[in-house]
Amino acid sequence: MSTGGGFSPQNRIEFAAGTEIFHEGQDADAAFLVLEGQIEVRKRTDDGHKVMATLGNGDVLGEMALFGGDVRSADAVAVADTKAFRLSRADFEGRLASTDAVLRRMLTILVARLRDATEELSRLRGGAS
């Protein structure tokens with residue numbers, strides 16, 4: 001069964017428990033749709049790290065990368081064996097190009113506002129952004 005452009009079988013990826021999927025500061029070029037398993041999103045702190053989110057089946061990881069996020073804002077670690085689909089920024093932009101221009105603009109504005117809010121929240125919590 002086809003899962004649509006960008007979600008072809010070659011985009012399926014598996015991470016063993018304990019695998020670092022990406023780390024804070026790394027170039028951001030793709031997002032992941034979690035099919036099975038569990039991933040922690042962690043922010044580095046002076047004392048080690050703080051778990052910001054725990055993601056599982058059906059969740060999306062690293063979505064800000066699709067909207068021009070230059071670098072990862074946190075670490076992501078598989079805490080259980082995990083299966084996911086990888087969606088590159090190029091694949092996403094191809095899908096987005098076929099969307100109505102007004103919707104594209106609204107989405108761009110919403111993402112910029114979300115990015116600003118996320119950075120402010122991180123600053124208020126005392127984390128580096």
# chains A, B, ... in the order shown; residues from 1 in each chain; ligands from 1

call {"tool": "select_by_dssp", "arguments": {"residues": "segment 66-99 of chain A", "states": "strand (DSSP E)", "output": "ChimeraX atom specification"}}
result
/A:75-78,82-88

call {"tool": "write_last_selection", "arguments": {"atoms": "N, CA, C and O atoms", "output": "short mmCIF file (atom, residue, chain, number, x, y, z; two decimals), in the first residue's frame"}}
result
data_model
loop_
_atom_site.label_atom_id
_atom_site.label_comp_id
_atom_site.auth_asym_id
_atom_site.auth_seq_id
_atom_site.Cartn_x
_atom_site.Cartn_y
_atom_site.Cartn_z
N ASP A 75 17.65 17.89 21.75
CA ASP A 75 18.08 16.53 21.43
C ASP A 75 16.84 15.65 21.31
O ASP A 75 15.82 15.91 21.96
N ALA A 76 16.92 14.59 20.50
CA ALA A 76 15.85 13.60 20.42
C ALA A 76 16.49 12.22 20.53
O ALA A 76 17.44 11.90 19.82
N VAL A 77 15.95 11.41 21.46
CA VAL A 77 16.51 10.09 21.75
C VAL A 77 15.38 9.07 21.76
O VAL A 77 14.36 9.27 22.43
N ALA A 78 15.58 7.97 21.04
CA ALA A 78 14.61 6.87 21.09
C ALA A 78 14.77 6.20 22.45
O ALA A 78 15.85 5.77 22.82
N THR A 82 12.05 2.12 17.90
CA THR A 82 11.13 3.04 17.24
C THR A 82 11.19 2.89 15.73
O THR A 82 12.28 2.76 15.17
N LYS A 83 10.01 2.95 15.11
CA LYS A 83 9.89 2.96 13.66
C LYS A 83 9.24 4.27 13.27
O LYS A 83 8.29 4.73 13.92
N ALA A 84 9.75 4.90 12.20
CA ALA A 84 9.23 6.19 11.78
C ALA A 84 9.37 6.36 10.27
O ALA A 84 10.12 5.63 9.63
N PHE A 85 8.64 7.32 9.75
CA PHE A 85 8.84 7.78 8.38
C PHE A 85 9.58 9.10 8.45
O PHE A 85 9.25 9.97 9.27
N ARG A 86 10.58 9.26 7.59
CA ARG A 86 11.36 10.49 7.50
C ARG A 86 10.81 11.32 6.34
O ARG A 86 10.67 10.82 5.23
N LEU A 87 10.48 12.59 6.60
CA LEU A 87 10.02 13.51 5.58
C LEU A 87 11.04 14.63 5.46
O LEU A 87 11.21 15.43 6.39
N SER A 88 11.75 14.67 4.34
CA SER A 88 12.77 15.70 4.14
C SER A 88 12.11 17.06 3.88
O SER A 88 10.95 17.14 3.46
#

call {"tool": "select_by_dssp", "arguments": {"residues": "segment 21-106 of chain A", "states": "helix (DSSP H, G or I)", "output": "NGL selection string"}}
result
:A and (63-67 or 89-97 or 101-106)

call {"tool": "atom_distance", "arguments": {"atom1": "atom CA of Gly68 of chain A", "atom2": "atom CA of Ala31 of chain A"}}
result
11.5 Å

call {"tool": "closest_residue", "arguments": {"among": "A:Thr54, A:Ser98, A:Ser73, A:Asn11", "to": "Ala28 of chain A", "atoms": "only C-alpha atoms"}}
result
A:Ser73

call {"tool": "atom_distance", "arguments": {"atom1": "atom CA of Asp59 of chain A", "atom2": "atom CA of Leu33 of chain A"}}
result
6.0 Å

call {"tool": "atom_distance", "arguments": {"atom1": "atom CA of Val34 of chain A", "atom2": "atom CA of Ala65 of chain A"}}
result
15.6 Å

call {"tool": "closest_residue", "arguments": {"among": "A:Leu121, A:Leu66, A:Ile39, A:Ala16", "to": "Ala90 of chain A", "atoms": "only C-alpha atoms"}}
result
A:Leu66
